[in-house]
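Engineer: Take a look at this one; I'll ask things after.
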Amino acid sequence: MLTTSVAYKDAWQNCLSQIQAQTSAEEFAKWFLPIVPLEFDGSKLRLRVPSKSFVDQIEERYINVLRPLIAETFGCQTRLCYAVPRSEQQSIQSATNSAQSVPTRIDPANIQNPGLIIPGLVQKSTPRFDPQLNHNYTFETFIEGECNRLVRSASMAVAVNPGSSTPFNPLYIYGDSGLGKTHVAQAIGNEISMRHPELQVLYVAMSKFQSQFQAATIEKNIPNFIHFYQGVDVLILDDIQELSGKPGTQNAFFNIFNHLQMSGKQLVLISDKPPVELKDIEERLLTRFKWGLSAQIHIPDYQTKIKIIKAKAARLGAEIPTDVINYLADNISANIREIEGAISSLVANTSFMGKKITISLAKEILKGYISLYQKEITIEHIIDTICEQMNVDKERLLSSERTREVAIARQIAMYLAKQLTKIPLTAIGLAMGGRNHATVLHSCKTITNLMETDQSFKLQVEDLEKIVSA
């Protein structure tokens, strides 16, 4: 235990070394390197932190890691205090070490109408406004992969050093719908708000920007509209392509863009098209869109889809078998939004129906998300494939022979016919040597039961299904 304040900085470094071993490199760099030890008087350890929101995150996520190390190094009765910038008011005492709770940030005046900011008006303090951010959209919840690595890296660089200190200004992010553009854009805003609480951050969709401009036009208040946006430190504008064909809005945005750029403020622009493909937008704006970095988010690759599925399942508290995860990743070729929608639908249906999550159940539930019938599969094709792969003569398969090898092959063929075609059970039975629909149902049930109890048999059937579907 540390008994004097002489070596408290060395003691804190010892704590950091142990914390580093218990956290990831990104977590350690983000949440612990910014902390600076200021004072230890024998009973209170005072740490400087960037903001009150930073304190909230430390208390919520890492206090169970931090508390025992502080107790071991500085003493069991040590109280942990946080010092924040003057704009964030006075030091905060850790809620974990005291009955007094950590004060929360007082919500500033919420500016609903840009016209409330009057040009030339000298104010004692700058009003704060709602940044319009969804706090669930963070870099921690953004799944990184080859499809979005450049975008994520550039976005984090902007979040760490926004404005004139980064070459990525403006940062122009584009890609098809549903790939996570809005998520990463809001993650930038949330990260900047945490790291730089003194900055005014605002996320706004172009549709809202346009409606505000129209209202300002009607009220003859365009100067106030422009002045409001020129006072923002970090402007994140989504769906920038909707500027197309709106010369009045383009002119207003040109003035806002120029002012922010010259003032060293950060712009983040989101679009579904690269700058060169935008239509009916003034060349002077298009040129400025290209000043910084244009980065594209691509359709997720296989490994990224696996990560997304696992992360979404974990958030829903669901355990999805590996074979079902692989099946979903193989078959869902659309965007992230559809992947997450498919997982939500699967989990909800299985929860309500009380059934296990299996490939068969996933196929039935997720037909609206997955293209199951990419090519027409016939019963004849299924029979021929099963006979070839299981080394059973076709005449024997269609006969009344009941030896185990023939019976199993026949039942698998009926099972796959029911799974992979839309043909009625009666027609399947007729194609399988003139059997009735009850026999088909019994065969399908037999195969399903065997797959649930015999892992090797399950893998065999799934391999046969892949071959039939290929």
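Identifiers for the structure tokens are assigned positionally: chains receive A, B, ... in sequence, residues are indexed from 1 per chain, and ligands are indexed from 1 in the order shown.
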Could you name the residues that touch region 392-395 of chain A at 8 Å or less, counting only C-alpha atoms, but leaving out those on the same chain fewer than 4 positions away, as a count of residues only?
Structural biologist: 9
Engineer: Using only C-alpha atoms, which protein or nucleic acid residues come within 9 Å of Pro34 (chain A)? Drop anything in the same chain fewer than 3 positions from it, and give the result as a list of chain:residue names.
Structural biologist: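 Listed by chain and then number, they are A:Ala29, A:Lys30, A:Trp31, A:Arg48, A:Val49, A:Pro50.
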Engineer: List the spatial neighbours of region 311-325 of chain A as number ranges by chain - criterion: any atom at most 10 Å away, only C-alpha atoms, same-chain residues fewer than 5 positions off excluded.
Structural biologist: A: 141-143, 305-306, 330, 339-341, 343-344, 346-348, 350-351, 356-363, 459, 462
Engineer: Quick check for you: according to DSSP on this backbone, which residues of region 215-335 of chain A are classed as strand (DSSP E or B)? Reply as a PyMOL selection string.
Structural biologist: chain A and resi 234-238+266-271+293-296
Engineer: Write to file, as an mmCIF file, in the first residue's frame, the residues of the selection just made, with N, CA, C and O atoms.
Structural biologist:
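Writing done, so here's out02.cif:
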```cif
data_model
loop_
_atom_site.group_PDB
_atom_site.id
_atom_site.type_symbol
_atom_site.label_atom_id
_atom_site.label_comp_id
_atom_site.auth_asym_id
_atom_site.auth_seq_id
_atom_site.Cartn_x
_atom_site.Cartn_y
_atom_site.Cartn_z
ATOM 1 N N VAL A 234 -18.451 20.888 -35.506
ATOM 2 C CA VAL A 234 -18.398 19.637 -36.278
ATOM 3 C C VAL A 234 -19.778 19.427 -36.893
ATOM 4 O O VAL A 234 -20.747 19.175 -36.173
ATOM 5 N N LEU A 235 -19.860 19.543 -38.217
ATOM 6 C CA LEU A 235 -21.135 19.370 -38.907
ATOM 7 C C LEU A 235 -21.120 18.049 -39.667
ATOM 8 O O LEU A 235 -20.278 17.827 -40.536
ATOM 9 N N ILE A 236 -22.052 17.173 -39.318
ATOM 10 C CA ILE A 236 -22.192 15.868 -39.975
ATOM 11 C C ILE A 236 -23.487 15.909 -40.768
ATOM 12 O O ILE A 236 -24.571 15.956 -40.185
ATOM 13 N N LEU A 237 -23.375 15.903 -42.075
ATOM 14 C CA LEU A 237 -24.541 16.067 -42.942
ATOM 15 C C LEU A 237 -24.785 14.774 -43.713
ATOM 16 O O LEU A 237 -23.954 14.341 -44.512
ATOM 17 N N ASP A 238 -25.934 14.154 -43.471
ATOM 18 C CA ASP A 238 -26.268 12.861 -44.085
ATOM 19 C C ASP A 238 -27.101 13.064 -45.351
ATOM 20 O O ASP A 238 -27.827 14.048 -45.480
ATOM 21 N N GLN A 266 -14.752 20.987 -38.648
ATOM 22 C CA GLN A 266 -14.800 19.684 -39.325
ATOM 23 C C GLN A 266 -16.141 19.471 -40.024
ATOM 24 O O GLN A 266 -17.205 19.731 -39.445
ATOM 25 N N LEU A 267 -16.067 18.974 -41.263
ATOM 26 C CA LEU A 267 -17.255 18.568 -41.995
ATOM 27 C C LEU A 267 -17.178 17.087 -42.314
ATOM 28 O O LEU A 267 -16.135 16.587 -42.746
ATOM 29 N N VAL A 268 -18.291 16.390 -42.098
ATOM 30 C CA VAL A 268 -18.421 14.980 -42.470
ATOM 31 C C VAL A 268 -19.660 14.877 -43.352
ATOM 32 O O VAL A 268 -20.759 15.240 -42.924
ATOM 33 N N LEU A 269 -19.485 14.401 -44.570
ATOM 34 C CA LEU A 269 -20.568 14.325 -45.549
ATOM 35 C C LEU A 269 -20.852 12.873 -45.887
ATOM 36 O O LEU A 269 -19.923 12.099 -46.145
ATOM 37 N N ILE A 270 -22.128 12.503 -45.878
ATOM 38 C CA ILE A 270 -22.534 11.130 -46.135
ATOM 39 C C ILE A 270 -23.391 11.104 -47.390
ATOM 40 O O ILE A 270 -24.287 11.930 -47.567
ATOM 41 N N SER A 271 -23.115 10.125 -48.265
ATOM 42 C CA SER A 271 -23.855 10.047 -49.522
ATOM 43 C C SER A 271 -23.944 8.606 -49.995
ATOM 44 O O SER A 271 -23.184 7.742 -49.547
ATOM 45 N N LEU A 293 -11.010 13.590 -48.005
ATOM 46 C CA LEU A 293 -10.913 12.170 -48.328
ATOM 47 C C LEU A 293 -12.291 11.635 -48.684
ATOM 48 O O LEU A 293 -13.253 11.861 -47.944
ATOM 49 N N SER A 294 -12.388 10.931 -49.808
ATOM 50 C CA SER A 294 -13.615 10.206 -50.164
ATOM 51 C C SER A 294 -13.364 8.727 -49.908
ATOM 52 O O SER A 294 -12.445 8.138 -50.489
ATOM 53 N N ALA A 295 -14.166 8.130 -49.036
ATOM 54 C CA ALA A 295 -13.967 6.729 -48.658
ATOM 55 C C ALA A 295 -15.275 5.966 -48.830
ATOM 56 O O ALA A 295 -16.330 6.441 -48.422
ATOM 57 N N GLN A 296 -15.175 4.782 -49.411
ATOM 58 C CA GLN A 296 -16.370 3.997 -49.714
ATOM 59 C C GLN A 296 -16.532 2.834 -48.748
ATOM 60 O O GLN A 296 -15.574 2.162 -48.387
#
```
Engineer: Pick the closest to Asn14 (chain A) from A:Leu69, A:Ile467, A:Val160, A:Ile35: which is it, counting only C-alpha atoms?
Structural biologist: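 Looking at the shortest contact to Asn14 (chain A), the residue is A:Leu69.
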Engineer: Could you tell me which of A:Gln230, A:Asn391, A:Asn436, A:Thr446 comes closest to Ile412 (chain A) if we count only C-alpha atoms?
Structural biologist: A:Thr446
Engineer: Please identify all polymer residues within 8 Å of region 198-210 of chain A, counting only C-alpha atoms, omitting same-chain residues fewer than 4 positions from it, and present them as a PyMOL selection string.
Structural biologist: chain A and resi 87+128-133+186+189+192-193+214+232-240+242-243+249
Engineer: Take CA of Glu140 (chain A) and CA of Lys181 (chain A) and report the distance between them in Å, one decimal.
Structural biologist: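 Between CA of Glu140 (chain A) and CA of Lys181 (chain A) the gap is 14.9 Å.
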Engineer: DSSP on the backbone: what in region 119-300 of chain A comes out alpha helix (DSSP H), as a PyMOL selection string?
Structural biologist: chain A and resi 149-160+181-195+206-218+222-230+247-262+283-289
Engineer: If we count only C-alpha atoms, what is near Ile188 (chain A) at a cut-off of 7 Å, once residues fewer than 5 positions away on the same chain are taken out, given as a PyMOL selection string?
Structural biologist: chain A and resi 155-156+159
Engineer: Skipping near chain neighbours, those fewer than 2 positions away, what residues fall within 8 Å of Gly245 (chain A) using only C-alpha atoms, listed as JSON, numbers by chain?
Structural biologist: {"A": [243, 247, 279, 280, 281]}
Engineer: Quick one: residues within 9 Å of Phe289 (chain A), only C-alpha atoms, excluding same-chain residues fewer than 6 positions away - as an mmCIF file with C-alpha atoms, in the first residue's frame?
Structural biologist:
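And here's selection26.cif as it stands now:
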```
data_model
loop_
_atom_site.group_PDB
_atom_site.id
_atom_site.type_symbol
_atom_site.label_atom_id
_atom_site.label_comp_id
_atom_site.auth_asym_id
_atom_site.auth_seq_id
_atom_site.Cartn_x
_atom_site.Cartn_y
_atom_site.Cartn_z
ATOM 1 C CA ASN A 169 -11.667 17.605 -44.075
ATOM 2 C CA PRO A 170 -14.208 17.178 -45.415
ATOM 3 C CA LEU A 171 -14.510 13.453 -44.823
ATOM 4 C CA TYR A 172 -16.834 12.192 -47.540
ATOM 5 C CA LEU A 269 -20.568 14.325 -45.549
ATOM 6 C CA PRO A 275 -18.787 13.066 -55.693
#
```
Engineer: Quick one, how far is CA of Ser211 (chain A) from CA of Phe257 (chain A)?
Structural biologist: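 Rounded to one decimal, the two atoms are 18.1 Å apart.
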Engineer: Identify which of the residues A:Asp463, A:Lys52, A:Ser24, A:Tyr8 lies closest to Thr73 (chain A), counting only C-alpha atoms when measuring atom-to-atom distances.
Structural biologist: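 Among A:Asp463, A:Lys52, A:Ser24, A:Tyr8, it is A:Tyr8 that comes nearest to Thr73 (chain A).
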